[in-house]
$ cat data_20.pdb   # PDB, C-alpha atoms and all ligand atoms
ATOM      1  CA  MET A   1      45.508  22.045   4.776
ATOM      2  CA  THR A   2      45.968  19.331   2.186
ATOM      3  CA  ASP A   3      43.174  17.034   1.130
ATOM      4  CA  ASP A   4      43.775  14.301   3.634
ATOM      5  CA  PRO A   5      46.480  15.088   6.159
ATOM      6  CA  SER A   6      45.430  12.249   8.405
ATOM      7  CA  ALA A   7      45.962   9.547   5.820
ATOM      8  CA  PRO A   8      47.859   6.734   7.513
ATOM      9  CA  ALA A   9      51.467   6.255   6.541
ATOM     10  CA  PRO A  10      52.197   3.095   4.603
ATOM     11  CA  GLU A  11      53.085   0.047   6.645
ATOM     12  CA  SER A  12      56.772   0.342   5.798
ATOM     13  CA  ALA A  13      57.010   4.022   6.788
ATOM     14  CA  GLY A  14      60.375   4.480   8.374
ATOM     15  CA  PRO A  15      62.296   2.545  10.971
ATOM     16  CA  ALA A  16      61.178   4.757  13.902
ATOM     17  CA  GLU A  17      57.729   3.249  13.927
ATOM     18  CA  ALA A  18      58.857  -0.305  14.282
ATOM     19  CA  ALA A  19      61.460   0.526  16.922
ATOM     20  CA  GLU A  20      59.104   2.478  19.192
ATOM     21  CA  PRO A  21      57.561   0.501  22.032
ATOM     22  CA  GLU A  22      53.849   0.910  22.498
ATOM     23  CA  LEU A  23      53.009   3.752  24.878
ATOM     24  CA  ALA A  24      50.639   3.365  27.800
ATOM     25  CA  PRO A  25      47.451   5.427  27.428
ATOM     26  CA  TYR A  26      48.443   7.694  30.320
ATOM     27  CA  LEU A  27      51.657   8.741  31.997
ATOM     28  CA  ILE A  28      52.117  10.908  35.075
ATOM     29  CA  GLU A  29      55.670  12.048  35.727
ATOM     30  CA  GLU A  30      57.843  14.996  36.618
ATOM     31  CA  ALA A  31      58.604  16.938  33.456
ATOM     32  CA  ARG A  32      62.033  15.901  32.260
ATOM     33  CA  SER A  33      62.683  19.268  30.621
ATOM     34  CA  SER A  34      60.960  22.646  30.358
ATOM     35  CA  ARG A  35      60.156  22.129  26.711
ATOM     36  CA  SER A  36      56.632  20.731  26.872
ATOM     37  CA  ARG A  37      53.601  22.943  26.875
ATOM     38  CA  CYS A  38      50.341  22.377  28.769
ATOM     39  CA  ARG A  39      47.501  21.769  26.341
ATOM     40  CA  THR A  40      45.019  23.153  28.871
ATOM     41  CA  CYS A  41      46.535  26.487  29.955
ATOM     42  CA  ARG A  42      48.990  26.774  27.020
ATOM     43  CA  LYS A  43      51.845  27.657  29.347
ATOM     44  CA  LYS A  44      55.221  25.974  29.556
ATOM     45  CA  ILE A  45      55.516  23.038  31.917
ATOM     46  CA  GLU A  46      58.597  23.740  34.008
ATOM     47  CA  LYS A  47      61.091  20.944  34.516
ATOM     48  CA  GLY A  48      60.210  18.875  37.583
ATOM     49  CA  LYS A  49      56.517  19.840  37.604
ATOM     50  CA  LEU A  50      54.002  17.019  37.569
ATOM     51  CA  ARG A  51      52.470  16.464  34.166
ATOM     52  CA  LEU A  52      49.886  14.115  32.740
ATOM     53  CA  GLY A  53      50.530  12.663  29.313
ATOM     54  CA  ILE A  54      47.596  11.416  27.271
ATOM     55  CA  VAL A  55      48.617   9.247  24.388
ATOM     56  CA  LEU A  56      47.774  10.413  20.908
ATOM     57  CA  GLU A  57      47.884   7.938  18.066
ATOM     58  CA  GLY A  58      49.096   9.695  14.972
ATOM     59  CA  PRO A  59      49.788   8.510  11.465
ATOM     60  CA  TYR A  60      53.530   8.423  12.224
ATOM     61  CA  GLY A  61      53.410   6.720  15.571
ATOM     62  CA  SER A  62      52.133   7.702  18.967
ATOM     63  CA  GLY A  63      53.191  10.351  21.440
ATOM     64  CA  TYR A  64      51.983  12.107  24.562
ATOM     65  CA  ILE A  65      50.001  15.316  24.717
ATOM     66  CA  TRP A  66      50.919  16.977  28.010
ATOM     67  CA  HIS A  67      48.936  18.828  30.651
ATOM     68  CA  HIS A  68      49.932  20.144  34.058
ATOM     69  CA  LEU A  69      48.456  17.561  36.410
ATOM     70  CA  ASN A  70      46.471  20.288  38.197
ATOM     71  CA  CYS A  71      45.196  21.762  34.925
ATOM     72  CA  ALA A  72      44.067  18.323  33.788
ATOM     73  CA  ALA A  73      42.225  17.817  37.072
ATOM     74  CA  LYS A  74      40.328  21.058  36.535
ATOM     75  CA  ARG A  75      39.333  20.452  32.921
ATOM     76  CA  ARG A  76      39.405  16.676  32.329
ATOM     77  CA  LEU A  77      39.123  14.871  35.631
ATOM     78  CA  GLU A  78      37.975  11.648  33.910
ATOM     79  CA  ASP A  79      41.433  11.279  32.374
ATOM     80  CA  VAL A  80      43.124  11.919  35.717
ATOM     81  CA  GLU A  81      40.872   9.340  37.398
ATOM     82  CA  ALA A  82      41.748   6.802  34.722
ATOM     83  CA  ALA A  83      45.458   7.556  35.083
ATOM     84  CA  TYR A  84      45.267   7.108  38.854
ATOM     85  CA  ALA A  85      43.324   3.850  38.493
ATOM     86  CA  GLN A  86      46.094   2.229  36.432
ATOM     87  CA  PRO A  87      48.204   3.740  38.132
ATOM     88  CA  ALA A  88      50.103   5.593  35.430
ATOM     89  CA  PHE A  89      53.041   6.653  37.577
ATOM     90  CA  ASP A  90      56.049   5.092  39.293
ATOM     91  CA  GLU A  91      55.569   3.891  42.823
ATOM     92  CA  GLY A  92      58.093   6.351  44.237
ATOM     93  CA  LEU A  93      56.571   9.444  42.630
ATOM     94  CA  LYS A  94      54.978  11.914  45.019
ATOM     95  CA  VAL A  95      51.557  12.779  43.624
ATOM     96  CA  PRO A  96      48.627  14.602  45.236
ATOM     97  CA  SER A  97      45.757  12.406  46.368
ATOM     98  CA  ILE A  98      42.870  11.923  43.959
ATOM     99  CA  GLU A  99      40.589  13.538  46.556
ATOM    100  CA  LYS A 100      42.672  16.684  46.406
ATOM    101  CA  LEU A 101      42.446  16.756  42.614
ATOM    102  CA  ARG A 102      38.693  16.210  42.740
ATOM    103  CA  GLY A 103      38.528  19.218  45.056
ATOM    104  CA  LEU A 104      40.392  21.310  42.474
ATOM    105  CA  GLN A 105      37.891  20.259  39.835
ATOM    106  CA  GLU A 106      34.909  21.197  42.015
ATOM    107  CA  LYS A 107      36.374  24.594  42.775
ATOM    108  CA  ALA A 108      37.116  25.280  39.104
ATOM    109  CA  GLU A 109      33.603  24.191  38.148
ATOM    110  CA  LYS A 110      32.108  26.596  40.662
ATOM    111  CA  GLU A 111      34.221  29.461  39.395
ATOM    112  CA  ARG A 112      33.160  28.771  35.818
ATOM    113  CA  ALA A 113      29.513  28.829  36.846
ATOM    114  CA  GLU A 114      29.948  32.129  38.643
ATOM    115  CA  ARG A 115      31.659  33.809  35.742
ATOM    116  CA  LYS A 116      28.504  34.740  33.888
ATOM    117  CA  GLU A 117      28.432  35.287  30.184
ATOM    118  CA  LEU A 118      27.465  38.702  28.861
ATOM    119  CA  PRO A 119      24.913  40.142  28.534
ATOM    120  CA  TYR A 120      22.835  39.424  31.616
ATOM    121  CA  VAL A 121      20.456  41.263  33.899
ATOM    122  CA  GLU A 122      20.263  41.301  37.687
ATOM    123  CA  LYS A 123      18.629  43.275  40.461
ATOM    124  CA  ALA A 124      21.203  45.757  41.751
ATOM    125  CA  PRO A 125      22.251  44.358  45.147
ATOM    126  CA  THR A 126      23.140  47.852  46.458
ATOM    127  CA  GLY A 127      22.567  51.436  45.388
ATOM    128  CA  ARG A 128      26.245  52.068  44.949
ATOM    129  CA  SER A 129      26.829  51.201  41.299
ATOM    130  CA  LYS A 130      26.689  53.773  38.526
ATOM    131  CA  CYS A 131      25.380  53.453  35.008
ATOM    132  CA  LYS A 132      28.315  53.504  32.584
ATOM    133  CA  HIS A 133      26.065  55.036  29.941
ATOM    134  CA  CYS A 134      24.538  58.087  31.675
ATOM    135  CA  GLY A 135      26.729  58.270  34.767
ATOM    136  CA  GLU A 136      23.777  58.299  37.197
ATOM    137  CA  GLY A 137      23.463  55.897  40.108
ATOM    138  CA  ILE A 138      21.578  52.627  39.749
ATOM    139  CA  GLU A 139      18.969  52.263  42.468
ATOM    140  CA  GLN A 140      19.054  49.250  44.739
ATOM    141  CA  ASP A 141      16.745  46.439  43.547
ATOM    142  CA  SER A 142      16.214  48.043  40.148
ATOM    143  CA  PHE A 143      17.263  46.196  37.019
ATOM    144  CA  ARG A 144      20.927  46.440  36.263
ATOM    145  CA  VAL A 145      21.946  45.199  32.843
ATOM    146  CA  VAL A 146      25.523  44.053  32.291
ATOM    147  CA  LEU A 147      26.770  44.567  28.740
ATOM    148  CA  GLY A 148      30.157  44.157  27.093
ATOM    149  CA  ARG A 149      32.297  47.143  26.203
ATOM    150  CA  GLU A 150      35.531  47.035  24.247
ATOM    151  CA  VAL A 151      38.441  48.301  26.288
ATOM    152  CA  GLU A 152      41.980  48.824  25.060
ATOM    153  CA  PHE A 153      44.801  47.269  27.066
ATOM    154  CA  GLY A 154      47.954  48.498  25.360
ATOM    155  CA  SER A 155      47.682  47.130  21.845
ATOM    156  CA  GLN A 156      44.983  44.606  22.744
ATOM    157  CA  VAL A 157      41.238  45.104  22.720
ATOM    158  CA  ARG A 158      39.313  43.136  25.302
ATOM    159  CA  THR A 159      35.694  43.016  26.297
ATOM    160  CA  GLY A 160      34.903  44.112  29.814
ATOM    161  CA  PRO A 161      31.566  44.138  31.649
ATOM    162  CA  ILE A 162      29.748  47.442  32.241
ATOM    163  CA  ASN A 163      26.610  48.132  34.285
ATOM    164  CA  VAL A 164      23.826  50.152  32.723
ATOM    165  CA  HIS A 165      20.245  51.147  33.575
ATOM    166  CA  ALA A 166      17.576  49.153  31.761
ATOM    167  CA  LYS A 167      16.438  52.423  30.141
ATOM    168  CA  CYS A 168      19.972  53.118  28.883
ATOM    169  CA  VAL A 169      20.460  49.727  27.195
ATOM    170  CA  VAL A 170      19.074  50.691  23.778
ATOM    171  CA  ASP A 171      21.353  53.727  23.456
ATOM    172  CA  GLU A 172      24.366  51.863  24.793
ATOM    173  CA  LEU A 173      23.866  49.047  22.265
ATOM    174  CA  ASP A 174      24.237  51.750  19.577
ATOM    175  CA  ALA A 175      27.560  52.941  20.960
ATOM    176  CA  GLU A 176      30.579  52.244  18.813
ATOM    177  CA  ASP A 177      32.559  50.483  21.551
ATOM    178  CA  CYS A 178      29.645  48.312  22.635
ATOM    179  CA  ALA A 179      30.615  44.645  22.369
ATOM    180  CA  THR A 180      27.092  43.288  22.877
ATOM    181  CA  GLU A 181      24.979  42.687  19.810
ATOM    182  CA  VAL A 182      21.346  43.615  19.356
ATOM    183  CA  GLU A 183      20.740  40.422  17.439
ATOM    184  CA  GLY A 184      19.829  37.647  19.846
ATOM    185  CA  PHE A 185      19.952  40.047  22.806
ATOM    186  CA  ALA A 186      16.679  38.945  24.412
ATOM    187  CA  GLU A 187      17.571  35.263  24.058
ATOM    188  CA  ALA A 188      21.030  35.851  25.511
ATOM    189  CA  LEU A 189      19.561  37.741  28.453
ATOM    190  CA  HIS A 190      17.281  34.805  29.205
ATOM    191  CA  ALA A 191      20.083  32.281  28.824
ATOM    192  CA  HIS A 192      22.728  34.046  30.929
ATOM    193  CA  SER A 193      20.875  35.762  33.748
ATOM    194  CA  GLY A 194      19.911  32.732  35.795
ATOM    195  CA  LEU A 195      16.560  34.360  36.636
ATOM    196  CA  ASP A 196      13.037  33.142  35.977
ATOM    197  CA  ALA A 197      11.581  33.996  32.564
ATOM    198  CA  ALA A 198       8.980  36.431  33.931
ATOM    199  CA  THR A 199      11.636  38.556  35.643
ATOM    200  CA  VAL A 200      13.779  38.686  32.513
ATOM    201  CA  ASP A 201      10.703  39.587  30.452
ATOM    202  CA  ALA A 202       9.935  42.417  32.883
ATOM    203  CA  ALA A 203      13.486  43.691  32.401
ATOM    204  CA  LEU A 204      13.067  43.490  28.627
ATOM    205  CA  VAL A 205       9.870  45.565  28.859
ATOM    206  CA  GLU A 206      11.785  48.203  30.807
ATOM    207  CA  ILE A 207      14.598  48.093  28.266
ATOM    208  CA  GLY A 208      12.085  48.760  25.510
ATOM    209  CA  PRO A 209      12.095  47.921  21.806
ATOM    210  CA  LEU A 210      15.594  47.096  20.573
ATOM    211  CA  ASP A 211      15.305  48.359  17.022
TER
HETATM  212 ZN    ZN B   1      48.512  24.055  32.596
HETATM  213 ZN    ZN B   2      21.807  55.105  32.686
END
$ encode --input "data_20.pdb" --output "structure tokens"
Amino acid sequence: MTDDPSAPAPESAGPAEAAEPELAPYLIEEARSSRSRCRTCRKKIEKGKLRLGIVLEGPYGSGYIWHHLNCAAKRRLEDVEAAYAQPAFDEGLKVPSIEKLRGLQEKAEKERAERKELPYVEKAPTGRSKCKHCGEGIEQDSFRVVLGREVEFGSQVRTGPINVHAKCVVDELDAEDCATEVEGFAEALHAHSGLDAATVDAALVEIGPLD
């Protein structure tokens, strides 16, 4: 990066600036080519798919940053609402109703809430799970701690969740492929578990001293 990449271009910077008409803040349209990429999911927007453009004012003029309309609804519904209020699309364009897009957002929100961050602790809902550290079963209603373990997928290393006994946590945290850190462990367990503080503290007592 240079010192000030965002410095505005001088007033006389090139003929393109003067010739370009001002862009509306939002534009919903069918993608005119397959060249744009969705800023939300990072995938290509196929030609003909509905996309939402959000204007970006740059030093060399303005342009649209594109999102799949559905992706935008899931991550930035306020922009979609604003685009619909204008409306930012041609009368003839077939677009989903705003109610439908709000529904997408609600569903995505719920899924995000359910995807808990690691590590967390829970009471084992059944007696069927096994501790990934010692291989023994985890009793129903006993504390089950979910830690991260590094798993290789081809050439990639990803973190996957593993269940362990409370009493096995300390040893598992020492394991080389453990992706959960000792530092901040107690705080993280409180923050992610969605349980009352006393229950998490009881789990921490069972886990034992971490260092
Ligand atoms: Zn997308
Ligand atoms: Zn165990």
$ atom_distance --input "data_20.pdb" --atom1 "CA of Cys71 (chain A)" --atom2 "CA of Arg158 (chain A)"
24.2 Å
$ atom_distance --input "data_20.pdb" --atom1 "CA of Asp141 (chain A)" --atom2 "CA of Gly127 (chain A)"
7.9 Å
$ atom_distance --input "data_20.pdb" --atom1 "CA of Thr126 (chain A)" --atom2 "CA of Glu139 (chain A)"
7.3 Å
$ resolve_selection --input "data_20.pdb" --expression "the PyMOL selection byres (((chain A and resi 131) around 12) and not hetatm)" --output "PyMOL selection string"
chain A and resi 124+127-130+132-139+142-147+161-169+172
$ closest_residue --input "data_20.pdb" --among "A:Lys47, A:Asp174, A:Cys38, A:Asn70" --to "Leu104 (chain A)" --atoms "all atoms listed in the file"
A:Asn70
$ axis_aligned_box --input "data_20.pdb" --around "region 83-98 of chain A" --padding-each-side "8 Å" --output "lines of an AutoDock Vina configuration file"
center_x = 50.5
center_y = 8.4
center_z = 40.7
size_x = 31.2
size_y = 28.4
size_z = 27.3
$ residues_near_ligand --input "data_20.pdb" --ligand "ligand ZN 1 (chain B)" --cutoff "6 Å" --atoms "all atoms listed in the file" --output "list in words"
Cys38, Thr40, Cys41, Lys43, His67, His68 and Cys71 of chain A
$ write_last_selection --input "data_20.pdb" --atoms "C-alpha atoms" --output "CSV table (one decimal), in the coordinates of the input"
chain,number,residue,atom,x,y,z
A,38,CYS,CA,50.3,22.4,28.8
A,40,THR,CA,45.0,23.2,28.9
A,41,CYS,CA,46.5,26.5,30.0
A,43,LYS,CA,51.8,27.7,29.3
A,67,HIS,CA,48.9,18.8,30.7
A,68,HIS,CA,49.9,20.1,34.1
A,71,CYS,CA,45.2,21.8,34.9
$ residues_around --input "data_20.pdb" --residues "region 115-120 of chain A" --least-positions-apart "6" --cutoff "10 Å" --atoms "all atoms listed in the file" --output "ChimeraX atom specification"
/A:144-148,159-163,179-181,185-195,200
$ write_last_selection --input "data_20.pdb" --atoms "C-alpha atoms" --output "mmCIF file, in the coordinates of the input"
data_model
loop_
_atom_site.group_PDB
_atom_site.id
_atom_site.type_symbol
_atom_site.label_atom_id
_atom_site.label_comp_id
_atom_site.auth_asym_id
_atom_site.auth_seq_id
_atom_site.Cartn_x
_atom_site.Cartn_y
_atom_site.Cartn_z
ATOM 1 C CA ARG A 144 20.927 46.440 36.263
ATOM 2 C CA VAL A 145 21.946 45.199 32.843
ATOM 3 C CA VAL A 146 25.523 44.053 32.291
ATOM 4 C CA LEU A 147 26.770 44.567 28.740
ATOM 5 C CA GLY A 148 30.157 44.157 27.093
ATOM 6 C CA THR A 159 35.694 43.016 26.297
ATOM 7 C CA GLY A 160 34.903 44.112 29.814
ATOM 8 C CA PRO A 161 31.566 44.138 31.649
ATOM 9 C CA ILE A 162 29.748 47.442 32.241
ATOM 10 C CA ASN A 163 26.610 48.132 34.285
ATOM 11 C CA ALA A 179 30.615 44.645 22.369
ATOM 12 C CA THR A 180 27.092 43.288 22.877
ATOM 13 C CA GLU A 181 24.979 42.687 19.810
ATOM 14 C CA PHE A 185 19.952 40.047 22.806
ATOM 15 C CA ALA A 186 16.679 38.945 24.412
ATOM 16 C CA GLU A 187 17.571 35.263 24.058
ATOM 17 C CA ALA A 188 21.030 35.851 25.511
ATOM 18 C CA LEU A 189 19.561 37.741 28.453
ATOM 19 C CA HIS A 190 17.281 34.805 29.205
ATOM 20 C CA ALA A 191 20.083 32.281 28.824
ATOM 21 C CA HIS A 192 22.728 34.046 30.929
ATOM 22 C CA SER A 193 20.875 35.762 33.748
ATOM 23 C CA GLY A 194 19.911 32.732 35.795
ATOM 24 C CA LEU A 195 16.560 34.360 36.636
ATOM 25 C CA VAL A 200 13.779 38.686 32.513
#
$ closest_residue --input "data_20.pdb" --among "A:Leu50, A:Val170, A:Ala198, A:Val205" --to "Trp66 (chain A)" --atoms "all atoms listed in the file"
A:Leu50
$ closest_residue --input "data_20.pdb" --among "A:Leu93, A:Val182, A:Leu52, A:Ile207" --to "ligand ZN 2 (chain B)" --atoms "all atoms listed in the file"
A:Ile207
$ closest_residue --input "data_20.pdb" --among "A:Ala202, A:Val121, A:Ala73, A:Ala88" --to "Gln105 (chain A)" --atoms "all atoms listed in the file"
A:Ala73
$ resolve_selection --input "data_20.pdb" --expression "the PyMOL selection byres (((chain A and resi 35) around 10) and not hetatm)" --output "list in words"
Ala31, Arg32, Ser33, Ser34, Ser36, Arg37, Lys44, Ile45, Glu46 and Lys47 of chain A
$ resolve_selection --input "data_20.pdb" --expression "the PyMOL selection byres (((chain A and resi 53) around 10) and not hetatm)" --output "CSV table (one decimal) with C-alpha atoms, in the coordinates of the input"
chain,number,residue,atom,x,y,z
A,24,ALA,CA,50.6,3.4,27.8
A,25,PRO,CA,47.5,5.4,27.4
A,26,TYR,CA,48.4,7.7,30.3
A,27,LEU,CA,51.7,8.7,32.0
A,28,ILE,CA,52.1,10.9,35.1
A,29,GLU,CA,55.7,12.0,35.7
A,38,CYS,CA,50.3,22.4,28.8
A,50,LEU,CA,54.0,17.0,37.6
A,51,ARG,CA,52.5,16.5,34.2
A,52,LEU,CA,49.9,14.1,32.7
A,54,ILE,CA,47.6,11.4,27.3
A,55,VAL,CA,48.6,9.2,24.4
A,56,LEU,CA,47.8,10.4,20.9
A,63,GLY,CA,53.2,10.4,21.4
A,64,TYR,CA,52.0,12.1,24.6
A,65,ILE,CA,50.0,15.3,24.7
A,66,TRP,CA,50.9,17.0,28.0
A,67,HIS,CA,48.9,18.8,30.7
A,68,HIS,CA,49.9,20.1,34.1
A,69,LEU,CA,48.5,17.6,36.4
A,72,ALA,CA,44.1,18.3,33.8
A,79,ASP,CA,41.4,11.3,32.4
A,80,VAL,CA,43.1,11.9,35.7
A,83,ALA,CA,45.5,7.6,35.1
A,88,ALA,CA,50.1,5.6,35.4
$ closest_residue --input "data_20.pdb" --among "A:Val151, A:Gly48, A:Lys107, A:Asp171" --to "ligand ZN 2 (chain B)" --atoms "all atoms listed in the file"
A:Asp171
$ build_atoms --input "data_20.pdb" --residues "region 169-188 of chain A" --atoms "N, CA and C atoms" --output "JSON list (two decimals), in the frame of the given file"
[["chain", "number", "residue", "atom", "x", "y", "z"],
["A", 169, "VAL", "N", 19.93, 50.84, 28.00],
["A", 169, "VAL", "CA", 20.46, 49.73, 27.20],
["A", 169, "VAL", "C", 20.39, 50.02, 25.70],
["A", 170, "VAL", "N", 19.26, 50.50, 25.21],
["A", 170, "VAL", "CA", 19.07, 50.69, 23.78],
["A", 170, "VAL", "C", 20.12, 51.65, 23.22],
["A", 171, "ASP", "N", 20.35, 52.76, 23.93],
["A", 171, "ASP", "CA", 21.35, 53.73, 23.46],
["A", 171, "ASP", "C", 22.77, 53.16, 23.54],
["A", 172, "GLU", "N", 23.02, 52.42, 24.62],
["A", 172, "GLU", "CA", 24.37, 51.86, 24.79],
["A", 172, "GLU", "C", 24.67, 50.82, 23.70],
["A", 173, "LEU", "N", 23.65, 50.05, 23.32],
["A", 173, "LEU", "CA", 23.87, 49.05, 22.26],
["A", 173, "LEU", "C", 24.26, 49.71, 20.95],
["A", 174, "ASP", "N", 23.88, 50.99, 20.78],
["A", 174, "ASP", "CA", 24.24, 51.75, 19.58],
["A", 174, "ASP", "C", 25.66, 52.29, 19.62],
["A", 175, "ALA", "N", 26.24, 52.33, 20.82],
["A", 175, "ALA", "CA", 27.56, 52.94, 20.96],
["A", 175, "ALA", "C", 28.61, 52.15, 20.18],
["A", 176, "GLU", "N", 29.59, 52.87, 19.68],
["A", 176, "GLU", "CA", 30.58, 52.24, 18.81],
["A", 176, "GLU", "C", 31.41, 51.18, 19.54],
["A", 177, "ASP", "N", 31.71, 51.44, 20.82],
["A", 177, "ASP", "CA", 32.56, 50.48, 21.55],
["A", 177, "ASP", "C", 31.75, 49.41, 22.28],
["A", 178, "CYS", "N", 30.46, 49.34, 21.99],
["A", 178, "CYS", "CA", 29.64, 48.31, 22.64],
["A", 178, "CYS", "C", 29.95, 46.96, 22.01],
["A", 179, "ALA", "N", 30.24, 45.96, 22.86],
["A", 179, "ALA", "CA", 30.62, 44.64, 22.37],
["A", 179, "ALA", "C", 29.45, 43.66, 22.42],
["A", 180, "THR", "N", 28.27, 44.15, 22.82],
["A", 180, "THR", "CA", 27.09, 43.29, 22.88],
["A", 180, "THR", "C", 26.22, 43.57, 21.66],
["A", 181, "GLU", "N", 25.75, 42.51, 21.03],
["A", 181, "GLU", "CA", 24.98, 42.69, 19.81],
["A", 181, "GLU", "C", 23.49, 42.73, 20.08],
["A", 182, "VAL", "N", 22.80, 43.53, 19.25],
["A", 182, "VAL", "CA", 21.35, 43.62, 19.36],
["A", 182, "VAL", "C", 20.72, 42.28, 18.95],
["A", 183, "GLU", "N", 21.30, 41.68, 17.92],
["A", 183, "GLU", "CA", 20.74, 40.42, 17.44],
["A", 183, "GLU", "C", 20.90, 39.34, 18.51],
["A", 184, "GLY", "N", 19.79, 38.70, 18.85],
["A", 184, "GLY", "CA", 19.83, 37.65, 19.85],
["A", 184, "GLY", "C", 19.93, 38.15, 21.28],
["A", 185, "PHE", "N", 19.76, 39.47, 21.47],
["A", 185, "PHE", "CA", 19.95, 40.05, 22.81],
["A", 185, "PHE", "C", 18.97, 39.47, 23.83],
["A", 186, "ALA", "N", 17.69, 39.43, 23.47],
["A", 186, "ALA", "CA", 16.68, 38.94, 24.41],
["A", 186, "ALA", "C", 16.94, 37.49, 24.80],
["A", 187, "GLU", "N", 17.29, 36.68, 23.80],
["A", 187, "GLU", "CA", 17.57, 35.26, 24.06],
["A", 187, "GLU", "C", 18.79, 35.13, 24.97],
["A", 188, "ALA", "N", 19.81, 35.92, 24.69],
["A", 188, "ALA", "CA", 21.03, 35.85, 25.51],
["A", 188, "ALA", "C", 20.72, 36.26, 26.95]]
